[in-house]
Every structure is written in C-alpha cells, then in structure tokens.
Amino acid sequence: MNLPVKCPALTLPSVSQCVRSVSHARLPDASLLPWQTDTQTLQSVLHRGRLPWCCMRSLLSSSFFCVLFLAADDCVNAMKAGTDLVKVKSSRRHYQRRFVLDEEGLYIRWISQRKGSTDARIAITSVKEIRRGHNTASFRKHGKSFEPDRSFSIIYGDEYGSLDLVADSEDEANIWIEGLLCLTDENYAHQSVANKQQMRDRWLKVTFEEADKSGDGMLDESEIIELCQKINIGLSASRIKQKFREHDTDRAGTSRGRLDLDEFSSLFKELSTRAEIYHLLMRYSTSRDFLTAKELKYFLELEQGMRNVEKQHCEELIRTYEPTPEGREQLKLSVDGFTQMLLGRESMLMNPKHRDVFQDMTQPLSHYYIASSHNTYLAEDQLKGPSSVEMYIRALRRGCRCVELDCWDGSNNEPDVYHGHTWTSRILFKDIIVAVKEHSFATSEYPVILSLENHCSIPMQRVMAKHLTEILGDMLYTTPPDPESRYLPSPEELKGKILVKGKKLRAELERVDEGEDDGGDVSDEDEAADMDEEVKAKSRSPTPRQSSNGTDEADGQAHSRRRSAAHKGKKIKLAVSLSRLVTLVQSVHFKNFQESSESGKYFQMSSFTESAMGRMSASSSAEYIQYNKRQLSRIYPAGSRVNSSNYNPQTAWNTGCQIVALNYQTDGLEMDLNQGRFQINGKTGYVLKPEILRTEVSHVEVNSKNTISGLTPQLMTIKVISGQQLPKPPGSGAKGEVIDPFVAVEIHGVPYDCANEKTSTVKNNGFNPVWNKTFRFLMRFPDVAMIRFSVLDDDFVGDDFIGQYSVPVSSIQPGYRHIQLYSKAGELLSNSTLFVHVSFDQAYSLKKKLIFEHGSGSRTRRKLATPKKIKAPDVDRIFQNVADGLQSVVELKLRIETATEDFKMSCDKANVLQAMKLFVTRVKASNSEVSLAKVNDVLSVTYKKSESFPDSIEKMVVSLQRLLEASQAVISQADGIIGRLSGAYGAGQETFLDLDQQLAQARLKGRRLTQSHEAFAWNMQVVRSHTDLLKATKDQVLYMQRQIEDVANDHEMPVGYNV
C-alpha cells in the first residue's frame, strides 16, 4: 500500500476526539487493512474498536487517518527531523528541549545543559512502554498545568524511569507516540528481512560506539579484543589478532592498526557464519550452494512439519529472504538467505498464528485461564515495602486481567489501599481506580476483574462505591446475573467491561433506599481468614527458613497468625451501594465439592490458599476439575511468603483453576511460566483451557501415571543444537572473560509429565556454543504442559542466570526453530537465541498403546472399544449401538499403522516421503516397469514382474500396495463411521441433561451411582476420542497419498488417472 501520505510534520486537521477514541480501540494491523475498501467495511472495523460512527466521517477525511494506519515510517522520519518538547521535572522545573531520533533509530537524544551528548539520550531498546496523558507519578504531581492530550511519557530502563514530555499540539504528541509505538513493536521490527538485517547492523553500531572511548570511529587491536570478549565471541586473543590483521584493509594509511565500523562489521559477520545451518542446507541441496524452490518445499514438509506446501509459497520465501539480487531473480536461496529465513518470525519456536487472538473468545469465563496479580499494589515485600499506583499500571499493561485491592479506612474521608497490619505504605483507592480506567484496555480489550478485600467502615464503603461508579462509568459492569443461565458470560460479551469481585448481600437486604443504607452482615473472608490450617502446619516446622531478602519465614508465620486470629469467624458490615456493584463474581466460602455441585451458582466463586489448592489437586483432582468448569477459583500465595516469592502456578492450571494470582513484582521461574502462558492469544490475558478441562461430560484424574482417557500421549523430542550471542549475566563483569553456558530444559505439567534435563557445558564460548544434545519427553497431557528453556553460566560457586524462554507445548512448531531469549525481568535479549530441533510423535503406536495398557491380542482391542456399563438401559443402548464403530476405528488405525511401518522399513527410511523418494529413485535406476494409478481419488501401484525384476524393488512395491490398500479402506469407511459416532455423542450430550433422573430410576445410589457417572463420562470421552482419531487418520492418509503422488510426478514416474 504505497499511498501519497501527507507528511505528519505538517499541520494536521484537528481530529482530537477521533484520535482519543482510536487510541483506546483495538484495531487490526495496518498491513491487514485494504485501503481501497468500502465505507461499510471501515464502519464495521471501527465499530469493533468502539469508535463512535459520529466521529468517523471527520476521521476518514483527515490525513491523520492515513498517518494512524499507514504512515509509521513518516512518523519516524518526523521524529528524526526533531521536535521542540517541554521536559517536565517538577512543578517549577519545565525545560524546553529539542528532541531528536537519531538517523539509525537507535536513540532519542536531546541537548542538556548538564549532561553530555552520551548521557542525554535514551536507547530505543530500553523503552518499556509509551503512555498518553498524565499517567506517571511525576505528571500527576507536577504536570497538572499541561493539557493531557499534549502530554506523554516514555517509560524506560530496568528501574522503569519516566521521561515526561509535553508537545505544542495534540497532533505533534500523536506523531511521537505512534512513532515510538512502532519502533518498540516486534511486529514492526519483523516486517522484512531488511529490517532484521538493520536491527543487527544497529546493534553492531551501538556496540562499536560503546567500545569507542575516544569517539573517533576507530578501534585498535586491544579494543577489538576487549569488544569481542564482551560480546562473548569464543576465540582466543591470538585468533582475534589474526582476524584483525585480515580485516585491517588500510595497512599503509593513517588508520593502520585500527578498524572502522564497516571493517568490524565484516569481521563480525565472518565469525558469525553458522556451520550447523550450512550443513542443514547441504542435506537438501543438490548444488551444495543453494536451495531451489522444489528443494525448499521438501525441507519445509519433511523438517518443518508443513503440509501441502505450494511451489509459489517457496518462491515467495526465496524472494523475501534471499539477500542477493541474483538469487532472488534465479529463485535460489543461499546459506545467508536460508539463515535469515530460519531467523524469521514464522520460524520461531512459537507458532506465529498464536501471537494473535486465535482462540474462541465466546465461551464462558470459567473456561479460560485468567492472568492475575496478588496484592497488586506492592512493589517489594509483604511487610515493609512501598505501595504504588504504578504497580497497577504495569500489571494491566502486561495483560493482567485480575488485580487486587486491600481496602482500609483512610484519612480525609478517602479509603486507602495497603497490606493491613503491616508497615507497607498506603495509597489512595481513588488513584487506583483512575489508573484502572486509563490503562485497563491499553493492551487487551477483554474484561478486568477488581478483586476487593474490604476492611472499610460503611461510610468509607459508600465512598468506594461512589468512586467506582463515577470514575469508571459505563465501563463498570453492573448487570445482575441471568437466573436462567448455567454459565458466566464470555470474554467477548464482556469486552471493555470492569467487574467487581467481592462479598454480596442477600437480595432482600439490597432492597433499601439509598438514604437507609446501614449495610448488612457478611463473613470476613479475606486471605488471612483462610490461612488457619496453613499457619498451624507452618508453625509446627522446627526451623524457619530464611528468605532471600533476609526476612525470617517465622516473621511471616507470626504475621499470618496475627491476621488470622483477628479475622477468624468475624462478621463485617457491607454497604448496600457497594454490594450492588458485585454481580458476576460473588465471593462465597467453599465448603466441599458436593455442596458446590448441588447448590453452587455459576456467578459464585471461592478463593484458596496455594496449600489448600495443592491438597485438593492431589486428593480430589477430578472433582476440582469439574468444579472449575462452571465456577471460578482464585488461588493466592501463602501468607508466609513475606518476601513476595511465588508458588508454581502449573499445579493450579492442571486442575483448571482460572485466577491463579502471583506476585508480579518478583521475577523467577514462576513468573516466567506465567508470562509464557499468557504470551499467546494476542496477550489478551485470557487463554482457553484444554478441551477436556472444560467439556461438561468428562472425568479426568491428572495425577494418574496411566494415560488419561480421551487423550493421546505424545513423545516430544528436542535437540538443543546451538546458541547465538549469549550475553554475560548481569553484574558478572569481573568474573572472567567469557561465559561457560549450558541449557536446562524443563517440562511443567501434570505430575507424571514433569521432567528436567540439561546439556553439557561449553567452555569459554557465549558467542556461538554448540551442544547437539537430544532429549525425549513423554507427556500424557501435553495440552496443559509448559516448556521452559533456560541458559545458565556454569560456575563453581553457583550457576548464573543468562536468559530463558517459556511457552505452552501446544503452541510449539515442529522442525528447526530459533528461540528468542528473555532476561530475568522478562525483557527480550537482543540477538540472543537458541537453535533447536523439535519433533512430535504419538508416544506409542495404537498397537503399542494397547499392549502397554491392556496386553496384546484381539481381546485387548475389544476391551478398548467396548463401552462401560452404566446400568441404566436407555443410556447403555446409546453406546452399545456404536460399539462396532469403535472397534472399526481401532482396526483401521492398526492397519494403516502396520502398513506404514512396513513400507518405511522396506525402504529403510524414517518417513513416507523419504521412503517414496528412495523407492522412485531405485525403480528408475533398475529400469523396472512400475507405475501408479489413480481412480476416484484412490491410488494403487502396478508393476510388471520379469526375471530381472529385483527382489528389493518387489518388496518395496508389495509394501507400498498394502499401504495404499489400507489407505483406501480408511477413505471409504471413515465418513460413515464418523457420522455414527458423532450422532451417539450428540445423543449422549442430550441424555446428560437428565442423567441424574435416569440413574435414580435405575435405583443407583452411593458408590454405584458414582461409578455410573464415571462410566458415562468415560464412554463419552471414548466416543469423542475415537471420532477425533478417525478424522485425523483420514486427513493423514489423504496427505500421505498426495505426497506419494507428488514424488512420482516430480521424478517422472508414470501415473495413470481415471475418474
């Protein structure tokens, strides 16, 4: 889309109202919007972003619309031209400065009377976020005299410092805001290979300039050696000197003995050529120097797990990634282009489609994991640390969708938020609600939950209700629950809404006039009140542990006991005005699963300590999973975690707990997993739970070491090949010249899936270490599992953390993949990657699975396919009618598995594609008369046997014919069987609605009743899993037949077609 866009540096029409509306809207990527589109389409797009149509006409006619959607580069160019902005330091210190983005787009610079040119700058890579208006503590305190529409803040550095700026006009501010958002956006940076290369060149320039102490643009030999060691190039000083002399091109001139930036870049790129990628290219290249489109197609299908790759797609990849004009013209992908392709966004470990919203967002709220924060206001520990509104802003902008407020009476008739009965500082409830309004939907448009822990008096509660109502306005969700519904509304239905979680008065107590609001009694069920058992267990521990910040765990136990004793059995008064704001998320005390099943309401939820959650997950996982399908669970850290440490959230996720609250201020493994879990699905803060954890009719025991009914175990094989440009750990400057890295790979999932492996250590090489270490992980429940890669520096005293990456296993792409590493604080480490190979296989073939679980033989097959007795005749009849269909699925799957293995073994190859290529090559070399025939989309193989016909070829032909016959059986029978099984599953779903009544008529009670419920759930899972298995088998067969046909055509083997 090359539009003649008006330069944003010129005066723009005033469209302030539209700009404000669009800035809070969630709009598609500009590249996805066709400019030449009709007004109705644009109206639909902007309506989804909640932009009023009354504002649209002026927006469509304004040049700012072009800037907003299409002119990111123009905004950046305007920043490079420079702008006069006011820098706000305090109420009296406002400085007019000229702010400029440097030509390389690396730094924002300004002239300071105190600082030199190096200090008066901010690196773009250090920018955390951009905020509009008065949204920092400094602006709120000192910037009230400036218009919010002209104000913006740049948050930067590990300490989250703020640069508060004011522009002359709103349009000028928007140019800087949009430009900075683009510069810091990963999608913008990955738009092209040129950008990718420019990123590396910019990084090299910054690194070079930092090493150039004299500022003359040259580095001598000692400086080059020091710089190479700094960026962890694993070469000896003598080897670096040799390379230095080779790249010192001006040996007779004035710069002899020194390298400029171009010479250093050339040296670096030579050292960074990667042998492992070159060897990979040679495996598929007949020329040894490049890949053709056909060879690239084979690579993508065989190694990268892609199906039905078209030649045009391969040609487009070559045009995109090949750096040389000749290669692009001749459609040849060189090793440099191949390397760039493997570093591209689509070749990263995480499926690029999962970066955007890809999941169904119309299911009940209880069907999602929800990113949640514990004691959000705290910046440090739980006893003495500061409280800050800034912590809410950071959490919400990180995609957190549930934040916590501990509310207490404050001064000047204003409620405070702080950690009660501690020395933590206080902040105003009102300031938090203002921040919630401003920042709730900056990252995600899906609902936010305010978890209120209320300790306030009735007058203060009325003030809280007033602030919530007046500040949040229409954002506040106050619609009463639908009594006819069985489930919560969906995130899609609650888009842009803020929900209040808290205690709720009985309906009759809320029916009073506003002036008669004396409140009613509710139980005080804050976190401390639920800690009795945990505190007692902790108090029996003979030796309290020491926390990382020097606070004894005994202090935490004592604090928890004080709070628990103060609240145990206590009743508090709840104001009617506050109670009315609590609708869909009503806090109730949890008694047991049976009572919740019989009388629990979908809009009622309970909170559990981490230890209570752990006990229930261990002893009653099936009941806990069933509870979490309809009602929300909130899990929070133990009160003894006074240093704000975290528990592992995976245990709670295993049983479907939704609101798993963590201390966001504390970095570490637990927050790494949390960040990894919620980086998918557009970072919305909502991730759909695995199907078996939300399907009403299922019975799951996650603690069993056997396979879970309805799930197919997977074997994931990971080969950690190499690392690239691994930095030194923070603060390790004095620890030697180069790091000694190793990689740890962890699986976090259900108990029997958890595993931890690590590579060997590579000495003195952080630049391009090679491990080539393979690990295998058996997973019974892969859809809930997380994988974490961490890189550490091996040290005798203690291994230092370098970087990590965590991601759901279900979001991993197979094949050769790069992994971008993140720092301990969750920030992307520029240019630091791991190179791995990933493959997924069924842990067992169906035959092996049957033998493993039930023994061998035909009786075993019947056992797997025979429904369990429910002991209610009408219900049993549903499943008995499809017992033969279940048996047919098993037989078809076993047949295709056996035939596939026989063909691969006859060719001695790992997969059908490779086997077919070898088969065709051998046939052509022996001049044997072999051909394929395709009749009604079914392939068969024919051959003319002669005395000279090789036995090895005949063996291959026979095994291929068996494979094609098994494929024909699947194709011809699959649709009919799938239709029958789907009908039975639908009938089972209808029966489930009155299952209790039918079981009662069968006079089933007690243990027999429980067994019948479990048998019904088991049968439904078997029917569903066999249906899915046959669908997948048919897809696999069709794809395999296409591969066989393509290979035959590519190698000019005769193929006869007859419809």
# chains A, B, ... in the order shown; residues from 1 in each chain; ligands from 1
>>> residues_around(residues="A:Trp176", least_positions_apart="2", cutoff="9 Å", atoms="only C-alpha atoms", output="PDB file with N, CA and C atoms, in the first residue's frame")
ATOM      1  N   CYS A  75       5.997   8.985  10.566  1.00  0.00           N
ATOM      2  CA  CYS A  75       6.109   9.444  11.951  1.00  0.00           C
ATOM      3  C   CYS A  75       7.567   9.364  12.416  1.00  0.00           C
ATOM      4  N   VAL A  76       8.211   8.246  12.095  1.00  0.00           N
ATOM      5  CA  VAL A  76       9.615   8.078  12.475  1.00  0.00           C
ATOM      6  C   VAL A  76      10.471   9.141  11.813  1.00  0.00           C
ATOM      7  N   ALA A  78       9.556  12.119  10.888  1.00  0.00           N
ATOM      8  CA  ALA A  78       9.293  13.395  11.547  1.00  0.00           C
ATOM      9  C   ALA A  78      10.058  13.492  12.863  1.00  0.00           C
ATOM     10  N   MET A  79      10.166  12.377  13.587  1.00  0.00           N
ATOM     11  CA  MET A  79      10.946  12.361  14.831  1.00  0.00           C
ATOM     12  C   MET A  79      12.417  12.622  14.547  1.00  0.00           C
ATOM     13  N   PHE A 152       2.764  13.139  27.113  1.00  0.00           N
ATOM     14  CA  PHE A 152       3.043  11.702  27.016  1.00  0.00           C
ATOM     15  C   PHE A 152       4.320  11.393  27.793  1.00  0.00           C
ATOM     16  N   ASP A 171      -1.592  16.859  17.854  1.00  0.00           N
ATOM     17  CA  ASP A 171      -1.137  16.108  16.691  1.00  0.00           C
ATOM     18  C   ASP A 171       0.360  15.820  16.763  1.00  0.00           C
ATOM     19  N   GLU A 172       1.127  16.780  17.265  1.00  0.00           N
ATOM     20  CA  GLU A 172       2.570  16.587  17.405  1.00  0.00           C
ATOM     21  C   GLU A 172       2.863  15.485  18.430  1.00  0.00           C
ATOM     22  N   ALA A 173       2.110  15.498  19.514  1.00  0.00           N
ATOM     23  CA  ALA A 173       2.271  14.435  20.516  1.00  0.00           C
ATOM     24  C   ALA A 173       1.940  13.078  19.916  1.00  0.00           C
ATOM     25  N   ASN A 174       0.872  13.020  19.096  1.00  0.00           N
ATOM     26  CA  ASN A 174       0.474  11.754  18.479  1.00  0.00           C
ATOM     27  C   ASN A 174       1.544  11.209  17.540  1.00  0.00           C
ATOM     28  N   GLU A 178       2.874   7.540  18.204  1.00  0.00           N
ATOM     29  CA  GLU A 178       2.740   6.488  17.194  1.00  0.00           C
ATOM     30  C   GLU A 178       4.109   6.015  16.715  1.00  0.00           C
ATOM     31  N   GLY A 179       5.034   6.954  16.529  1.00  0.00           N
ATOM     32  CA  GLY A 179       6.371   6.579  16.083  1.00  0.00           C
ATOM     33  C   GLY A 179       7.089   5.696  17.082  1.00  0.00           C
ATOM     34  N   LEU A 180       6.996   6.050  18.362  1.00  0.00           N
ATOM     35  CA  LEU A 180       7.649   5.251  19.400  1.00  0.00           C
ATOM     36  C   LEU A 180       6.991   3.882  19.536  1.00  0.00           C
ATOM     37  N   LEU A 181       5.664   3.835  19.426  1.00  0.00           N
ATOM     38  CA  LEU A 181       4.989   2.543  19.494  1.00  0.00           C
ATOM     39  C   LEU A 181       5.448   1.621  18.368  1.00  0.00           C
TER      40      LEU A 181
END
>>> select_by_dssp(residues="stretch 573-800 of chain A", states="strand (DSSP E or B)", output="PyMOL selection string")
chain A and resi 573-574+582-587+604-609+633-636+659-662+686-688+714-724+741-748+755-758+770-779+786-793+800
>>> atom_distance(atom1="atom CA of A:Lys495", atom2="atom CA of A:Asn674")
22.4 Å
>>> residues_around(residues="A:Arg258", least_positions_apart="3", cutoff="7 Å", atoms="only C-alpha atoms", output="list in words")
Met218, Leu219, Asp220, Glu221, Asp248 and Ser255 of chain A
>>> residues_around(residues="A:Ser485", least_positions_apart="3", cutoff="10 Å", atoms="only C-alpha atoms", output="list in words")
Pro481, Asp482, Leu488, Pro489, Lys601, Tyr602 and Phe603 of chain A
>>> write_last_selection(atoms="C-alpha atoms", output="JSON list (two decimals), in the first residue's frame")
[["chain", "number", "residue", "atom", "x", "y", "z"],
["A", 481, "PRO", "CA", -26.69, -12.45, 36.70],
["A", 482, "ASP", "CA", -29.18, -14.17, 34.43],
["A", 488, "LEU", "CA", -20.85, -17.00, 33.05],
["A", 489, "PRO", "CA", -20.84, -14.67, 30.03],
["A", 601, "LYS", "CA", -24.23, -20.80, 41.41],
["A", 602, "TYR", "CA", -22.16, -20.06, 38.33],
["A", 603, "PHE", "CA", -21.60, -16.46, 39.50]]
>>> atom_distance(atom1="atom CA of A:Arg1007", atom2="atom CA of A:Arg694")
24.6 Å
>>> residues_around(residues="A:Val941", least_positions_apart="5", cutoff="9 Å", atoms="only C-alpha atoms", output="ChimeraX atom specification")
/A:930-934,957-958,960-961,964
>>> residues_around(residues="A:Leu688", least_positions_apart="4", cutoff="7 Å", atoms="only C-alpha atoms", output="list in words")
Gln359, His367, Tyr368 and Tyr369 of chain A
>>> residues_around(residues="stretch 808-814 of chain A", least_positions_apart="2", cutoff="6 Å", atoms="only C-alpha atoms", output="VMD selection string")
chain A and resid 304 to 305 349 to 351 677 783 785 to 786 838 to 839
>>> write_last_selection(atoms="N, CA, C and O atoms", output="tab-separated table (two decimals), in the first residue's frame")
chain	number	residue	atom	x	y	z
A	304	GLN	N	9.97	-29.14	8.73
A	304	GLN	CA	9.23	-28.10	9.44
A	304	GLN	C	7.79	-28.47	9.71
A	304	GLN	O	7.04	-27.67	10.28
A	305	GLY	N	7.39	-29.67	9.31
A	305	GLY	CA	6.04	-30.15	9.63
A	305	GLY	C	4.94	-29.44	8.87
A	305	GLY	O	3.77	-29.48	9.30
A	349	LEU	N	10.10	-20.67	17.56
A	349	LEU	CA	9.55	-21.86	18.20
A	349	LEU	C	8.04	-21.77	18.36
A	349	LEU	O	7.31	-22.73	18.13
A	350	MET	N	7.55	-20.60	18.75
A	350	MET	CA	6.11	-20.45	18.96
A	350	MET	C	5.41	-20.21	17.63
A	350	MET	O	5.87	-19.42	16.80
A	351	ASN	N	4.31	-20.91	17.43
A	351	ASN	CA	3.51	-20.74	16.24
A	351	ASN	C	3.13	-19.26	16.06
A	351	ASN	O	2.50	-18.68	16.95
A	677	ARG	N	2.71	-18.55	29.52
A	677	ARG	CA	1.32	-18.99	29.34
A	677	ARG	C	0.49	-17.92	28.64
A	677	ARG	O	-0.32	-18.21	27.76
A	783	ASP	N	-1.47	-30.86	26.29
A	783	ASP	CA	-2.18	-29.60	26.06
A	783	ASP	C	-2.12	-28.65	27.26
A	783	ASP	O	-2.37	-27.45	27.11
A	785	ALA	N	0.67	-28.66	29.35
A	785	ALA	CA	2.07	-28.57	29.75
A	785	ALA	C	2.73	-27.30	29.24
A	785	ALA	O	2.37	-26.73	28.21
A	786	MET	N	3.74	-26.85	29.99
A	786	MET	CA	4.62	-25.74	29.61
A	786	MET	C	6.04	-26.29	29.47
A	786	MET	O	6.44	-27.21	30.17
A	838	VAL	N	12.71	-29.72	16.98
A	838	VAL	CA	11.61	-30.29	17.76
A	838	VAL	C	10.81	-31.24	16.87
A	838	VAL	O	10.53	-30.93	15.71
A	839	SER	N	10.47	-32.39	17.41
A	839	SER	CA	9.57	-33.29	16.70
A	839	SER	C	8.56	-33.87	17.69
A	839	SER	O	8.86	-34.05	18.87
>>> closest_residue(among="A:Leu711, A:Val836, A:Leu574, A:Ala167", to="A:Val770", atoms="only C-alpha atoms")
A:Val836
>>> atom_distance(atom1="atom CA of A:Asn663", atom2="atom CA of A:Tyr636")
9.0 Å
>>> closest_atom_pairs(of="stretch 698-773 of chain A", to="stretch 620-633 of chain A", cutoff="7 Å", atoms="only C-alpha atoms", output="Markdown table")
| residue | atom | partner | partner_atom | distance |
| --- | --- | --- | --- | --- |
| A:His699 | CA | A:Ala622 | CA | 6.1 |
| A:Val700 | CA | A:Ala622 | CA | 5.2 |
| A:Glu701 | CA | A:Ala622 | CA | 5.2 |
| A:Val702 | CA | A:Ser621 | CA | 6.5 |
>>> select_by_dssp(residues="stretch 416-449 of chain A", states="helix (DSSP H, G or I)", output="PyMOL selection string")
chain A and resi 429-439
>>> closest_residue(among="A:Val875, A:Met464, A:Val784, A:Ile692", to="A:Val1022", atoms="only C-alpha atoms")
A:Ile692
